[in-house]
file final20.cif (mmCIF, C-alpha atoms)
data_target
loop_
_atom_site.label_atom_id
_atom_site.label_comp_id
_atom_site.auth_asym_id
_atom_site.auth_seq_id
_atom_site.Cartn_x
_atom_site.Cartn_y
_atom_site.Cartn_z
CA MET A 36 58.77 96.68 89.66
CA GLU A 37 61.59 99.19 89.32
CA LEU A 38 59.36 101.52 87.37
CA LEU A 39 56.56 101.17 89.90
CA ILE A 40 58.80 102.10 92.84
CA ASN A 41 60.39 104.93 90.91
CA SER A 42 57.06 106.42 89.92
CA PHE A 43 55.82 106.14 93.52
CA VAL A 44 58.98 107.90 94.75
CA VAL A 45 58.45 110.69 92.22
CA ILE A 46 54.80 111.06 93.24
CA CYS A 47 55.82 111.31 96.91
CA LEU A 48 58.55 113.86 96.25
CA VAL A 49 56.38 116.00 93.99
CA SER A 50 53.46 116.01 96.41
CA GLY A 51 55.85 116.92 99.22
CA LEU A 52 57.22 119.78 97.17
CA VAL A 53 53.67 120.94 96.41
CA PHE A 54 52.98 121.02 100.14
CA PHE A 55 56.19 122.94 100.79
CA ALA A 56 55.43 125.47 98.04
CA GLY A 57 51.86 125.94 99.20
CA GLY A 58 52.96 126.28 102.81
CA SER A 59 55.60 128.87 101.95
CA VAL A 60 53.07 130.91 99.97
CA GLY A 61 50.61 130.57 102.83
CA ILE A 62 53.08 131.83 105.44
CA ILE A 63 53.62 134.97 103.40
CA ARG A 64 50.05 135.55 102.22
CA MET A 65 47.92 134.73 105.26
CA PRO A 66 46.57 137.75 107.13
CA ASP A 67 47.53 137.19 110.79
CA PHE A 68 49.53 135.23 113.33
CA TYR A 69 47.15 132.31 113.83
CA SER A 70 46.33 131.72 110.19
CA ARG A 71 50.03 131.91 109.30
CA LEU A 72 50.77 129.17 111.80
CA HIS A 73 48.34 126.88 110.03
CA PRO A 74 50.37 126.53 106.80
CA ALA A 75 53.57 126.50 108.85
CA GLY A 76 52.39 123.44 110.77
CA LYS A 77 51.08 121.70 107.67
CA LEU A 78 54.30 122.34 105.80
CA ASP A 79 56.41 120.80 108.52
CA THR A 80 54.39 117.65 109.02
CA LEU A 81 52.84 116.71 105.72
CA GLY A 82 55.60 118.05 103.46
CA ILE A 83 58.37 116.34 105.40
CA MET A 84 56.37 113.13 105.63
CA ALA A 85 55.85 112.94 101.87
CA VAL A 86 59.44 113.85 100.99
CA VAL A 87 61.07 111.52 103.50
CA LEU A 88 58.72 108.68 102.63
CA GLY A 89 59.78 109.02 99.01
CA LEU A 90 63.47 109.10 99.92
CA ALA A 91 63.13 106.08 102.23
CA LEU A 92 61.43 104.11 99.45
CA PHE A 93 64.18 105.10 97.05
CA GLU A 94 66.75 103.85 99.55
CA LEU A 95 64.89 100.53 99.87
CA LYS A 96 65.44 99.69 96.20
CA GLN A 97 68.71 97.99 97.11
CA TRP A 98 67.48 95.50 99.66
CA SER A 99 70.23 95.19 102.28
CA LEU A 100 70.57 95.59 106.01
CA ALA A 101 72.25 99.00 105.67
CA SER A 102 69.54 100.45 103.45
CA VAL A 103 66.74 99.06 105.61
CA LEU A 104 68.36 100.61 108.69
CA LEU A 105 68.75 103.91 106.87
CA SER A 106 65.10 104.02 105.83
CA LEU A 107 64.09 103.05 109.35
CA LYS A 108 66.05 106.02 110.70
CA MET A 109 64.35 108.27 108.14
CA MET A 110 60.96 107.03 109.25
CA LEU A 111 61.98 107.72 112.86
CA ILE A 112 62.71 111.32 111.88
CA VAL A 113 59.22 111.52 110.39
CA PHE A 114 57.75 110.05 113.57
CA PHE A 115 59.42 112.61 115.81
CA VAL A 116 58.60 115.53 113.52
CA PHE A 117 55.04 114.25 113.47
CA LEU A 118 54.91 114.38 117.25
CA SER A 119 56.77 117.59 117.90
CA SER A 120 55.74 119.92 115.09
CA PRO A 121 51.96 119.96 115.75
CA THR A 122 52.69 120.27 119.47
CA ALA A 123 54.92 123.27 118.85
CA THR A 124 52.25 124.88 116.67
CA HIS A 125 49.64 124.14 119.32
CA SER A 126 51.73 125.68 122.08
CA ILE A 127 52.47 128.80 120.04
CA VAL A 128 48.77 129.32 119.32
CA ASP A 129 48.04 128.71 123.00
CA ALA A 130 50.61 131.33 124.01
CA GLY A 131 49.12 133.79 121.52
CA ILE A 132 45.63 133.37 122.93
CA ARG A 133 46.87 133.62 126.52
CA ALA A 134 48.76 136.80 125.63
CA GLY A 135 45.47 138.26 124.41
CA LEU A 136 46.00 138.42 120.68
CA ALA A 137 42.60 138.46 119.01
CA PRO A 138 42.15 136.42 115.84
CA TRP A 139 41.84 138.29 112.58
CA THR A 140 38.36 138.93 111.24
CA LYS A 141 37.36 140.30 107.89
CA THR A 142 35.28 143.14 109.29
CA LYS A 143 36.96 145.52 111.66
CA ARG A 144 35.81 144.96 115.22
CA SER A 145 34.63 148.10 116.99
CA MET B 28 84.92 153.91 136.67
CA LYS B 29 82.93 153.64 133.46
CA PHE B 30 85.61 155.67 131.68
CA PHE B 31 88.35 153.28 132.81
CA GLY B 32 86.30 150.33 131.63
CA PHE B 33 85.85 151.96 128.25
CA LEU B 34 89.58 152.73 128.09
CA ILE B 35 90.56 149.12 128.84
CA VAL B 36 88.06 147.70 126.36
CA SER B 37 89.13 150.03 123.55
CA LEU B 38 92.82 149.39 124.28
CA CYS B 39 92.35 145.63 124.13
CA GLY B 40 90.15 145.89 121.05
CA GLY B 41 92.67 148.16 119.31
CA LEU B 42 95.52 145.77 120.12
CA LEU B 43 93.53 142.82 118.74
CA LEU B 44 92.66 144.73 115.56
CA TYR B 45 96.31 145.79 115.16
CA ALA B 46 97.49 142.20 115.58
CA SER B 47 94.93 140.89 113.09
CA SER B 48 96.53 142.95 110.31
CA GLU B 49 99.55 140.63 110.57
CA PHE B 50 97.45 137.56 109.87
CA PRO B 51 97.71 135.82 106.51
CA ASP B 52 94.87 136.49 104.08
CA TRP B 53 91.68 134.44 104.22
CA GLY B 54 92.35 131.15 102.44
CA ASP B 55 95.95 132.05 101.60
CA PRO B 56 97.57 128.85 100.26
CA ASP B 57 101.05 130.01 101.33
CA SER B 58 100.17 130.59 104.97
CA PRO B 59 101.88 128.23 107.41
CA ALA B 60 98.54 126.73 108.41
CA SER B 61 97.72 125.55 104.90
CA ARG B 62 101.28 124.58 104.01
CA HIS B 63 102.23 122.34 106.94
CA LEU B 64 99.41 121.96 109.41
CA SER B 65 96.28 121.11 107.46
CA PRO B 66 97.95 118.56 105.14
CA HIS B 67 99.45 116.88 108.19
CA TYR B 68 96.06 116.63 109.89
CA ILE B 69 94.37 115.38 106.74
CA GLU B 70 96.98 112.78 105.83
CA GLU B 71 98.23 111.54 109.17
CA SER B 72 95.41 111.91 111.67
CA LEU B 73 93.87 108.47 111.12
CA ALA B 74 97.24 106.75 111.51
CA GLU B 75 98.28 108.88 114.49
CA THR B 76 95.06 108.97 116.49
CA GLY B 77 92.99 106.06 115.21
CA VAL B 78 89.87 108.21 115.01
CA PRO B 79 88.04 108.33 111.67
CA ASN B 80 86.45 111.72 112.37
CA LEU B 81 89.04 114.35 111.48
CA VAL B 82 87.30 117.13 113.36
CA THR B 83 87.24 115.18 116.60
CA SER B 84 90.88 114.21 116.29
CA VAL B 85 91.91 117.85 115.84
CA LEU B 86 89.58 119.11 118.55
CA ALA B 87 90.17 116.50 121.23
CA ASP B 88 93.71 115.34 120.49
CA TYR B 89 95.92 117.79 118.58
CA ARG B 90 94.30 120.81 120.22
CA SER B 91 93.10 119.15 123.36
CA PHE B 92 94.63 121.81 125.58
CA ASP B 93 92.60 124.47 123.78
CA THR B 94 89.39 122.47 124.16
CA MET B 95 90.04 121.98 127.86
CA PHE B 96 90.04 125.72 128.38
CA GLU B 97 86.96 126.09 126.20
CA THR B 98 85.25 123.79 128.67
CA ALA B 99 86.64 125.93 131.47
CA VAL B 100 85.21 129.03 129.77
CA ILE B 101 81.76 127.40 129.69
CA PHE B 102 82.17 126.46 133.33
CA CYS B 103 83.08 130.09 134.14
CA ALA B 104 79.97 131.29 132.28
CA GLY B 105 77.79 129.06 134.43
CA LEU B 106 79.62 130.15 137.56
CA ALA B 107 79.28 133.84 136.70
CA CYS B 108 75.57 133.38 136.03
CA LEU B 109 75.15 131.72 139.41
CA LEU B 110 77.18 134.33 141.30
CA LEU B 111 75.48 137.31 139.66
CA LEU B 112 71.88 136.14 139.73
CA ARG B 113 71.38 133.71 142.60
CA LYS B 114 69.19 135.02 145.40
CA TYR B 115 68.98 132.86 148.50
CA LYS B 116 66.25 134.84 150.27
CA PRO B 117 63.01 132.96 149.68
CA GLU B 118 60.10 134.84 148.20
CA THR B 119 57.69 136.05 150.89
CA ASP B 120 54.79 136.34 148.45
CA ARG B 121 53.64 132.77 147.98
CA TYR B 122 50.70 130.94 146.50
CA TYR B 123 49.57 127.51 147.68
CA ARG B 124 46.89 125.32 146.20
CA HIS B 125 44.87 122.95 148.34
CA ILE B 126 44.96 119.92 146.12
CA PRO B 127 41.65 118.16 147.04
CA THR B 128 39.51 121.27 146.72
CA GLY B 129 41.54 123.46 144.37
CA VAL B 130 41.32 126.45 146.73
CA ILE B 131 44.24 128.84 146.31
CA LEU B 132 45.81 130.51 149.32
CA HIS B 133 47.87 133.66 148.89
CA PHE B 134 50.48 134.42 151.60
CA LYS B 135 51.46 138.08 151.52
CA ASN B 136 54.68 139.20 153.19
CA SER B 137 54.62 136.44 155.74
CA ARG B 138 57.32 134.15 156.99
CA LYS B 139 54.84 131.35 157.58
CA SER B 140 54.72 128.46 155.22
CA LEU B 141 52.56 125.42 154.68
CA PRO B 142 53.90 121.88 154.53
CA VAL B 143 54.12 120.96 150.87
CA GLY B 144 52.96 117.43 150.23
CA SER B 145 49.87 115.56 149.21
CA GLU B 146 47.59 118.25 150.66
CA PHE B 147 49.12 121.57 149.60
CA GLU B 148 51.37 122.41 146.68
CA LEU B 149 53.31 125.53 145.83
CA MET B 150 52.05 127.41 142.82
CA ASP B 151 53.57 129.93 140.44
CA ALA B 152 52.24 133.47 140.62
CA ASP B 153 51.58 133.56 136.88
CA TRP B 154 50.36 129.99 136.80
CA VAL B 155 48.68 128.76 133.66
CA PRO B 156 46.76 125.48 133.55
CA TYR B 157 48.84 122.56 132.35
CA ASP B 158 48.22 121.72 128.75
CA LEU B 159 47.64 118.00 128.39
CA VAL B 160 48.91 117.88 124.78
CA ILE B 161 52.19 119.64 125.51
CA LYS B 162 52.78 117.73 128.73
CA THR B 163 52.16 114.33 127.19
CA VAL B 164 54.23 114.93 124.07
CA CYS B 165 57.12 116.30 126.10
CA ARG B 166 56.94 113.31 128.42
CA ILE B 167 57.20 111.01 125.40
CA LEU B 168 59.95 112.99 123.69
CA ILE B 169 62.31 113.85 126.55
CA PRO B 170 63.72 110.30 127.01
CA PHE B 171 64.38 110.06 123.28
CA ILE B 172 66.11 113.44 123.28
CA GLN B 173 68.32 112.34 126.15
CA LEU B 174 69.10 109.02 124.49
CA TYR B 175 70.01 110.86 121.31
CA ALA B 176 72.25 113.21 123.30
CA LEU B 177 74.12 110.23 124.76
CA TYR B 178 74.44 108.79 121.26
CA VAL B 179 75.90 112.06 119.97
CA VAL B 180 78.43 112.15 122.81
CA ALA B 181 79.45 108.52 122.40
CA HIS B 182 79.60 108.66 118.62
CA GLY B 183 81.80 111.75 118.41
CA ASP B 184 84.82 109.76 117.18
CA PHE B 185 83.04 108.25 114.21
CA SER B 186 80.45 110.70 112.97
CA PRO B 187 79.53 114.34 113.45
CA GLY B 188 78.96 114.99 117.11
CA GLY B 189 80.86 115.21 120.33
CA GLY B 190 80.71 116.51 123.83
CA PHE B 191 79.59 120.07 123.14
CA GLN B 192 76.70 119.12 120.87
CA GLY B 193 75.58 116.18 122.99
CA GLY B 194 75.75 118.26 126.16
CA VAL B 195 73.67 121.01 124.59
CA ILE B 196 71.03 118.49 123.45
CA PHE B 197 70.89 116.93 126.91
CA GLY B 198 70.65 120.35 128.55
CA SER B 199 67.86 121.35 126.18
CA SER B 200 65.89 118.27 127.22
CA LEU B 201 66.05 119.52 130.82
CA ILE B 202 64.97 122.98 129.66
CA LEU B 203 62.08 121.39 127.77
CA LEU B 204 60.99 119.71 131.00
CA ALA B 205 61.09 123.07 132.77
CA ILE B 206 59.06 124.74 130.01
CA SER B 207 56.43 122.04 129.56
CA TYR B 208 55.79 121.46 133.28
CA ASN B 209 57.18 124.19 135.46
CA LEU B 210 60.53 125.20 136.81
CA ARG B 211 59.90 123.58 140.18
CA THR B 212 59.46 120.14 138.62
CA ALA B 213 62.74 120.46 136.75
CA VAL B 214 64.61 121.75 139.80
CA GLN B 215 63.21 118.87 141.86
CA ARG B 216 64.37 116.36 139.27
CA ILE B 217 67.89 117.76 139.08
CA LYS B 218 68.77 119.76 142.17
CA GLU B 219 70.91 122.85 142.16
CA ARG B 220 73.59 121.11 144.17
CA VAL B 221 73.73 118.25 141.63
CA LEU B 222 73.96 120.73 138.77
CA GLY B 223 76.84 122.56 140.42
CA PHE B 224 78.59 119.29 141.16
CA LEU B 225 78.19 118.13 137.53
CA CYS B 226 79.60 121.45 136.23
CA VAL B 227 82.75 120.88 138.25
CA LEU B 228 82.86 117.15 137.54
CA GLY B 229 82.93 117.65 133.76
CA VAL B 230 85.93 119.98 133.87
CA LEU B 231 87.57 117.75 136.44
CA ILE B 232 87.23 114.65 134.24
CA TYR B 233 88.93 116.52 131.39
CA ALA B 234 91.78 117.90 133.46
CA GLY B 235 92.04 114.67 135.45
CA LEU B 236 92.58 112.62 132.32
CA GLY B 237 95.40 115.00 131.38
CA VAL B 238 97.00 114.70 134.79
CA LEU B 239 96.55 110.91 134.69
CA CYS B 240 98.54 110.84 131.45
CA MET B 241 101.27 112.83 133.22
CA PHE B 242 101.34 110.33 136.07
CA LEU B 243 101.70 107.51 133.56
CA GLY B 244 104.87 109.13 132.26
CA GLY B 245 103.67 111.11 129.27
CA GLU B 246 102.86 114.73 128.60
CA PHE B 247 99.67 116.45 129.69
CA LEU B 248 96.75 114.90 127.73
CA ASP B 249 98.98 112.40 125.89
CA TYR B 250 96.30 109.73 125.60
CA SER B 251 98.60 107.01 124.29
CA ARG B 252 99.96 106.60 127.84
CA LEU B 253 96.55 105.35 128.94
CA ALA B 254 97.42 102.03 127.25
CA ALA B 255 99.12 101.07 130.51
CA ILE B 256 95.80 100.94 132.38
CA LEU B 257 93.20 100.39 129.64
CA PRO B 258 92.73 96.89 128.22
CA ALA B 259 92.72 97.99 124.57
CA ASP B 260 95.19 97.91 121.73
CA PRO B 261 97.47 100.97 121.58
CA VAL B 262 95.95 102.25 118.32
CA HIS B 263 92.49 102.41 119.81
CA VAL B 264 93.50 103.81 123.17
CA ARG B 265 93.72 107.37 121.87
CA ALA B 266 90.13 107.14 120.71
CA LEU B 267 89.13 105.91 124.17
CA GLY B 268 90.96 108.84 125.77
CA MET B 269 89.09 111.22 123.48
CA LEU B 270 85.82 109.54 124.42
CA GLY B 271 86.58 110.13 128.09
CA VAL B 272 87.35 113.76 127.41
CA GLU B 273 84.16 114.15 125.38
CA ILE B 274 82.13 112.69 128.22
CA GLY B 275 83.62 115.29 130.55
CA VAL B 276 82.80 118.08 128.09
CA GLY B 277 79.26 116.75 127.69
CA ILE B 278 78.61 116.64 131.43
CA ALA B 279 79.95 120.16 131.94
CA VAL B 280 78.01 121.65 129.02
CA MET B 281 74.78 119.91 130.07
CA ALA B 282 74.99 121.14 133.64
CA VAL B 283 75.97 124.68 132.66
CA MET B 284 73.11 124.93 130.14
CA ALA B 285 70.56 123.85 132.71
CA ALA B 286 72.07 126.07 135.43
CA ILE B 287 72.07 129.15 133.21
CA TYR B 288 68.47 128.54 132.17
CA VAL B 289 67.25 128.00 135.71
CA ASN B 290 69.02 131.11 137.00
CA ILE B 291 67.91 133.42 134.21
CA ALA B 292 64.32 132.17 133.94
CA SER B 293 63.64 132.56 137.65
CA ALA B 294 65.84 135.65 138.16
CA GLY B 295 68.00 133.64 140.56
CA ARG B 296 65.26 132.47 142.93
CA HIS B 297 64.93 128.95 141.48
CA ASP B 298 61.22 128.79 142.27
CA GLU B 299 59.23 129.85 139.26
CA GLY B 300 60.02 130.87 135.75
CA LEU B 301 58.83 130.61 132.21
#
call {"tool": "encode", "arguments": {"input": "final20.cif", "output": "structure tokens"}}
result
Amino acid sequence: MELLINSFVVICLVSGLVFFAGGSVGIIRMPDFYSRLHPAGKLDTLGIMAVVLGLALFELKQWSLASVLLSLKMMLIVFFVFLSSPTATHSIVDAGIRAGLAPWTKTKRS
Amino acid sequence: MKFFGFLIVSLCGGLLLYASSEFPDWGDPDSPASRHLSPHYIEESLAETGVPNLVTSVLADYRSFDTMFETAVIFCAGLACLLLLRKYKPETDRYYRHIPTGVILHFKNSRKSLPVGSEFELMDADWVPYDLVIKTVCRILIPFIQLYALYVVAHGDFSPGGGFQGGVIFGSSLILLAISYNLRTAVQRIKERVLGFLCVLGVLIYAGLGVLCMFLGGEFLDYSRLAAILPADPVHVRALGMLGVEIGVGIAVMAVMAAIYVNIASAGRHDEGL
């Protein structure tokens, strides 16, 4: 049981770190404003979800009221990040389009 | 005039720089602060104030006088913003929308106005359609942000937090309302008069607690004197006094944040902004 939980925690943490690494590379490498926001939004939601889920599970190994409350608070953080981060990304993209920034295309527009 | 201003600023700056050369070195273990003061705070603060959070006990008890004037500085910032920016003359260039049909009326340079109600509503000049996603998420999140702000204010004695942080979080929830809907909605929810009153009330609570302690026979802001009127044991009464002070700070900071935002975003007209 211990081994099972531990391995699940490690899988969660590693996948979260993969998301963070990929997102960071994406923010630097993507060509324009809109496509850079895509990895930024993914990184915030999915990366944080995986990492915090792993940490909350790790905390639950000692089954007590304090640890359950702590993991519940962690999951609340995930919930609010899940709500607010995509909304923030959405609103930034919206503002970019309203301000008249054209999306990047591979061929130069004449 | 500009020259005199420059002269005064450089004189004050030079004096401050000159005085700072007398300070002890950064992290000097022999300086008076690290020899007497910090060890006293670290070793005695729990026994003397009954507050587990060292930072709060230093901020709101040992250096309470200092914090009171920090609150006054924030109050002055809000007041200066109001005095410099506020314009009371209403805008003559107005847009109204007829709600049932969606027809937009533009009033140019006229003193006439339409009754705002279920038929007509005032509209921003650079109005953008409401975004359902942003509106809904902000409506869900704002109560939680405000609840969290109250938690931060109330929990300042035990964990990181306090009046300044909680007030800023609460103020930012009002700013979020103004951004996600429009400035008019936020100003309708919390009127300018209420904001001004809350600015004053916060500082007044702080100073009033100090004066109350004087009336009860102690020194200014000596919270232990509050034991005479509060039904709590004398060890805990200092923490309660700090809580009262933190609530005052939180109210003042919240109101000043919102007031500064409303004044700057609408250039003092309080009608439309970001």
call {"tool": "closest_atom_pairs", "arguments": {"input": "final20.cif", "of": "chain A", "to": "chain B", "cutoff": "8 Å", "atoms": "all atoms listed in the file", "output": "JSON lines"}}
result
{"residue": "A:Phe115", "atom": "CA", "partner": "B:Leu168", "partner_atom": "CA", "distance": 7.9}
{"residue": "A:Leu118", "atom": "CA", "partner": "B:Val164", "partner_atom": "CA", "distance": 6.9}
{"residue": "A:Ser119", "atom": "CA", "partner": "B:Val164", "partner_atom": "CA", "distance": 7.2}
{"residue": "A:Thr122", "atom": "CA", "partner": "B:Ile161", "partner_atom": "CA", "distance": 6.1}
{"residue": "A:Ser126", "atom": "CA", "partner": "B:Ile161", "partner_atom": "CA", "distance": 7.0}
call {"tool": "resolve_selection", "arguments": {"input": "final20.cif", "expression": "the PyMOL selection byres ((chain A and resi 106-112) around 9)", "output": "list in words"}}
result
Met84, Val87, Leu88, Leu90, Ala91, Leu92, Phe93, Glu94, Leu95, Ala101, Ser102, Val103, Leu104, Leu105, Val113, Phe114, Phe115, Val116 and Phe117 of chain A
call {"tool": "residues_around", "arguments": {"input": "final20.cif", "residues": "Ala74 in chain B", "least_positions_apart": "6", "cutoff": "12 Å", "atoms": "all atoms listed in the file", "output": "ChimeraX atom specification"}}
result
/B:67-68,80-81,84,261-263,265-266
call {"tool": "resolve_selection", "arguments": {"input": "final20.cif", "expression": "the PyMOL selection byres ((chain A and resi 48-59) around 6)", "output": "number ranges by chain"}}
result
A: 45-47, 60-62, 74, 78, 82, 85-86, 89
call {"tool": "write_last_selection", "arguments": {"input": "final20.cif", "atoms": "C-alpha atoms", "output": "PDB file, keeping the file's coordinate frame"}}
result
ATOM      1  CA  VAL A  45      58.450 110.690  92.220  1.00  0.00           C
ATOM      2  CA  ILE A  46      54.800 111.060  93.240  1.00  0.00           C
ATOM      3  CA  CYS A  47      55.820 111.310  96.910  1.00  0.00           C
ATOM      4  CA  VAL A  60      53.070 130.910  99.970  1.00  0.00           C
ATOM      5  CA  GLY A  61      50.610 130.570 102.830  1.00  0.00           C
ATOM      6  CA  ILE A  62      53.080 131.830 105.440  1.00  0.00           C
ATOM      7  CA  PRO A  74      50.370 126.530 106.800  1.00  0.00           C
ATOM      8  CA  LEU A  78      54.300 122.340 105.800  1.00  0.00           C
ATOM      9  CA  GLY A  82      55.600 118.050 103.460  1.00  0.00           C
ATOM     10  CA  ALA A  85      55.850 112.940 101.870  1.00  0.00           C
ATOM     11  CA  VAL A  86      59.440 113.850 100.990  1.00  0.00           C
ATOM     12  CA  GLY A  89      59.780 109.020  99.010  1.00  0.00           C
TER      13      GLY A  89
END
call {"tool": "resolve_selection", "arguments": {"input": "final20.cif", "expression": "the PyMOL selection byres ((chain B and resi 127-134) around 12)", "output": "PyMOL selection string"}}
result
chain B and resi 118-126+135-141+144-152+154
